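Asks: Take a look at this one; I'll ask things after.
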Amino acid sequence: MFGLFLILSFIFLLLTKFSKIYHETVRLQLAYDNLPSDIVIDLETPKEIEIEVEGVGFRLLPYYLKKPILTLDAQEDLKMHGDEYLWTPDLNDEIFNQYFSYSIDKLAIEPDSIIIPFSVLKSKMIPVKVISEIKLSPGYNFGDSLKAVPDSVKVIGGKEALKEVAMVETKPVKKANLSTDISETIELDIKKEAVYKIEPTSVTVKAKIEKFTEGILEIPVIVKNLPKNIKINYFPKSIPVSFYVQLSKYNEVTVDDFAIECNYDEIKNTQKSFFTPRLIKVPELVKNVRLRQDKVEFILTK
């Protein structure tokens, strides 16, 4: 019984409190509609207005539970003023009647006018960077590089906004133990707060995945810049070079596709007894190329 009495007392208190007349400030969030397709509202545009109102508490309560959004029609409510829009709100406008019932008195608006700067949209092409979190199966590798199709997209926005964007990334491409070709539509990672549009908003990420195998070839060593009056004996005369190549193209890789060079200029006038060999020619279709020896010893026989 005491609990019921307590509940009834609380309800009576609420009815008494919210039946009173209150003088309050209500904030309306501003949004814009029916803008020309080549115009974008600038960031510094006011985001809300304040309206002083008076009414019964029950009538005002919804405006505190959820901030209303006041949508302004660019053709109906705004006036063009140079490179800005101008809005001079009037408490008697129909636009406010959809947000406030007739039982609420509208007393004042702050600010009494709003300048809305805008920019004429421009566009440019920016490259797409693929963010990869792909793990390949053992013995497999990319037959060609991971690429986006298209590899660039159009960004549309105001002049200042376009200065800040030079590239767009994809959302991560996540694959585990991949052993087959990939061709997948991936969304671009466009920030929610971006003040520009990107078209299209997704790309196709493609790559060929192929079985790779290791190859080893003995590549002759060439000594460069050796003076005519100098004779030299060096060892080894060739160095094993290991590499990975697509299994289907293994037989296309030959000794002539590689070149190893030692430069006499690097050791003359020094006490060194060895060259540091360098690979100066490698075919494009191989990966992970490695010299199996990092020194070539020599003796001058002048």
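Identifiers for the structure tokens are assigned positionally: chains receive A, B, ... in sequence, residues are indexed from 1 per chain, and ligands are indexed from 1 in the order shown.
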Set the distance at 7 Å and use only C-alpha atoms: which residues neighbour A:Val40 once local chain neighbours fewer than 3 positions away are removed? I'd like the list as a list in words.
Replies: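 These residues fall inside the cut-off: Phe118, Ser119, Val120, Leu121 and Gly158 of chain A.
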Asks: DSSP on the backbone, then: every residue of stretch 154-207 of chain A marked strand (DSSP E), written as a PDB file with C-alpha atoms, in the first residue's frame.
Replies:
ATOM      1  CA  LYS A 154      36.910  11.130 -58.903  1.00  0.00           C
ATOM      2  CA  VAL A 155      36.712  13.295 -55.789  1.00  0.00           C
ATOM      3  CA  ILE A 156      34.142  16.104 -55.864  1.00  0.00           C
ATOM      4  CA  GLY A 157      34.036  18.986 -53.407  1.00  0.00           C
ATOM      5  CA  VAL A 168      42.020   7.271 -50.954  1.00  0.00           C
ATOM      6  CA  GLU A 169      42.545   3.865 -49.366  1.00  0.00           C
ATOM      7  CA  VAL A 173      41.270  -6.834 -47.987  1.00  0.00           C
ATOM      8  CA  LYS A 174      41.369  -9.742 -45.545  1.00  0.00           C
ATOM      9  CA  LYS A 175      42.188 -13.267 -46.750  1.00  0.00           C
ATOM     10  CA  ALA A 176      43.881 -16.249 -45.116  1.00  0.00           C
ATOM     11  CA  ASN A 177      45.658 -19.156 -46.847  1.00  0.00           C
ATOM     12  CA  LEU A 178      44.869 -17.733 -50.259  1.00  0.00           C
ATOM     13  CA  ILE A 182      41.304 -12.753 -56.304  1.00  0.00           C
ATOM     14  CA  SER A 183      38.702 -10.449 -57.846  1.00  0.00           C
ATOM     15  CA  GLU A 184      36.561  -8.811 -55.197  1.00  0.00           C
ATOM     16  CA  THR A 185      34.567  -5.612 -54.804  1.00  0.00           C
ATOM     17  CA  ILE A 186      35.922  -3.600 -51.863  1.00  0.00           C
ATOM     18  CA  GLU A 187      34.501  -0.390 -50.401  1.00  0.00           C
ATOM     19  CA  TYR A 196      33.655  15.803 -50.379  1.00  0.00           C
ATOM     20  CA  LYS A 197      32.140  13.014 -52.448  1.00  0.00           C
ATOM     21  CA  ILE A 198      34.002  10.188 -54.105  1.00  0.00           C
ATOM     22  CA  GLU A 199      32.751   8.413 -57.202  1.00  0.00           C
ATOM     23  CA  SER A 202      34.043   0.956 -54.328  1.00  0.00           C
ATOM     24  CA  VAL A 203      36.618  -0.694 -56.591  1.00  0.00           C
ATOM     25  CA  THR A 204      37.446  -4.208 -57.723  1.00  0.00           C
ATOM     26  CA  VAL A 205      40.643  -5.551 -56.177  1.00  0.00           C
ATOM     27  CA  LYS A 206      42.394  -8.047 -58.440  1.00  0.00           C
ATOM     28  CA  ALA A 207      45.522 -10.208 -58.431  1.00  0.00           C
TER      29      ALA A 207
END
Asks: Between atom CA of A:Tyr32 and atom CA of A:Lys79, measure the distance and give it in Å to one decimal.
Replies: 13.0 Å
Asks: If we count only C-alpha atoms and set the cut-off at 12 Å, which residues sit around A:Cys262, ignoring sequence neighbours fewer than 4 positions away in its own chain? Please answer as a list of chain:residue names.
Replies: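 Within the cut-off, the hits are A:Pro220, A:Val221, A:Ile222, A:Val223, A:Lys224, A:Asn225, A:Leu226, A:Tyr234, A:Phe235, A:Pro236, A:Lys237, A:Ser238, A:Ile239, A:Glu266, A:Ile267, A:Phe274, A:Phe275, A:Thr276, A:Pro277, A:Arg278, A:Leu279, A:Ile280, A:Asp294, A:Lys295, A:Val296, A:Glu297, A:Phe298.
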Asks: Next, dump the selected residues to file, keeping only N, CA and C atoms, as a short mmCIF file (atom, residue, chain, number, x, y, z; two decimals), in the first residue's frame.
Replies:
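Output (part-v1.cif):
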data_model
loop_
_atom_site.label_atom_id
_atom_site.label_comp_id
_atom_site.auth_asym_id
_atom_site.auth_seq_id
_atom_site.Cartn_x
_atom_site.Cartn_y
_atom_site.Cartn_z
N PRO A 220 77.93 -16.21 -63.95
CA PRO A 220 79.33 -15.79 -64.05
C PRO A 220 79.56 -14.42 -63.41
N VAL A 221 80.77 -14.24 -62.84
CA VAL A 221 81.15 -12.98 -62.23
C VAL A 221 82.00 -12.18 -63.22
N ILE A 222 81.67 -10.92 -63.41
CA ILE A 222 82.41 -10.03 -64.31
C ILE A 222 83.11 -8.97 -63.47
N VAL A 223 84.40 -8.71 -63.74
CA VAL A 223 85.13 -7.65 -63.06
C VAL A 223 85.13 -6.41 -63.97
N LYS A 224 84.64 -5.32 -63.43
CA LYS A 224 84.49 -4.09 -64.19
C LYS A 224 85.64 -3.12 -63.87
N ASN A 225 85.99 -2.28 -64.85
CA ASN A 225 87.00 -1.21 -64.69
C ASN A 225 88.40 -1.74 -64.36
N LEU A 226 88.73 -2.92 -64.84
CA LEU A 226 90.06 -3.48 -64.61
C LEU A 226 91.05 -2.83 -65.59
N TYR A 234 90.62 -14.31 -59.68
CA TYR A 234 89.61 -14.22 -58.62
C TYR A 234 88.84 -15.53 -58.53
N PHE A 235 88.28 -15.74 -57.35
CA PHE A 235 87.54 -16.96 -57.08
C PHE A 235 86.38 -16.64 -56.11
N PRO A 236 85.21 -17.16 -56.36
CA PRO A 236 84.81 -18.04 -57.46
C PRO A 236 84.55 -17.25 -58.75
N LYS A 237 84.54 -17.97 -59.85
CA LYS A 237 84.27 -17.35 -61.14
C LYS A 237 82.76 -17.21 -61.39
N SER A 238 82.00 -17.92 -60.59
CA SER A 238 80.53 -17.81 -60.69
C SER A 238 79.94 -17.97 -59.29
N ILE A 239 78.74 -17.44 -59.12
CA ILE A 239 78.07 -17.48 -57.81
C ILE A 239 76.66 -18.02 -58.00
N GLU A 266 86.48 -0.06 -56.57
CA GLU A 266 86.14 -0.11 -55.15
C GLU A 266 87.28 -0.67 -54.29
N ILE A 267 88.22 -1.37 -54.93
CA ILE A 267 89.30 -1.98 -54.12
C ILE A 267 90.68 -1.40 -54.41
N PHE A 274 89.27 -8.86 -51.31
CA PHE A 274 88.05 -9.43 -51.87
C PHE A 274 87.17 -8.32 -52.46
N PHE A 275 86.33 -8.70 -53.42
CA PHE A 275 85.31 -7.84 -53.98
C PHE A 275 83.97 -8.11 -53.26
N THR A 276 83.09 -7.13 -53.33
CA THR A 276 81.70 -7.34 -52.92
C THR A 276 80.86 -7.44 -54.20
N PRO A 277 80.42 -8.63 -54.53
CA PRO A 277 79.67 -8.80 -55.79
C PRO A 277 78.28 -8.16 -55.70
N ARG A 278 77.82 -7.67 -56.85
CA ARG A 278 76.49 -7.05 -56.90
C ARG A 278 75.73 -7.57 -58.11
N LEU A 279 74.45 -7.83 -57.87
CA LEU A 279 73.57 -8.20 -58.98
C LEU A 279 73.17 -6.93 -59.71
N ILE A 280 73.50 -6.82 -60.97
CA ILE A 280 73.15 -5.61 -61.72
C ILE A 280 72.07 -5.88 -62.77
N ASP A 294 78.70 -13.68 -50.65
CA ASP A 294 78.79 -12.23 -50.61
C ASP A 294 80.24 -11.72 -50.77
N LYS A 295 81.19 -12.60 -51.09
CA LYS A 295 82.56 -12.17 -51.29
C LYS A 295 83.16 -12.90 -52.50
N VAL A 296 84.01 -12.16 -53.24
CA VAL A 296 84.80 -12.77 -54.31
C VAL A 296 86.26 -12.43 -54.02
N GLU A 297 87.05 -13.42 -53.65
CA GLU A 297 88.45 -13.18 -53.32
C GLU A 297 89.28 -13.05 -54.59
N PHE A 298 90.39 -12.28 -54.49
CA PHE A 298 91.21 -12.09 -55.69
C PHE A 298 92.70 -11.98 -55.30
#
Asks: Which is closer to A:Lys122 than all the others in A:Ser37, A:Thr201, A:Thr254, A:Gln29, using only C-alpha atoms?
Replies: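 Closest to A:Lys122 of all the choices is A:Ser37.
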Asks: Which residue out of A:Asn288, A:Thr213, A:Ser273, A:Ser179 has the minimum interatomic distance to A:Asn251 when only C-alpha atoms are used?
Replies: A:Thr213
Asks: What does the structure give for the distance between atom CA of A:Tyr264 and atom CA of A:Lys287, in Å to one decimal?
Replies: 28.6 Å
Asks: Measuring between only C-alpha atoms, which one of A:Val153, A:Ile190, A:Ile115, A:Leu162 shows the shortest distance to A:Thr88?
Replies: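 So, comparing all the options, the nearest one is A:Ile115.
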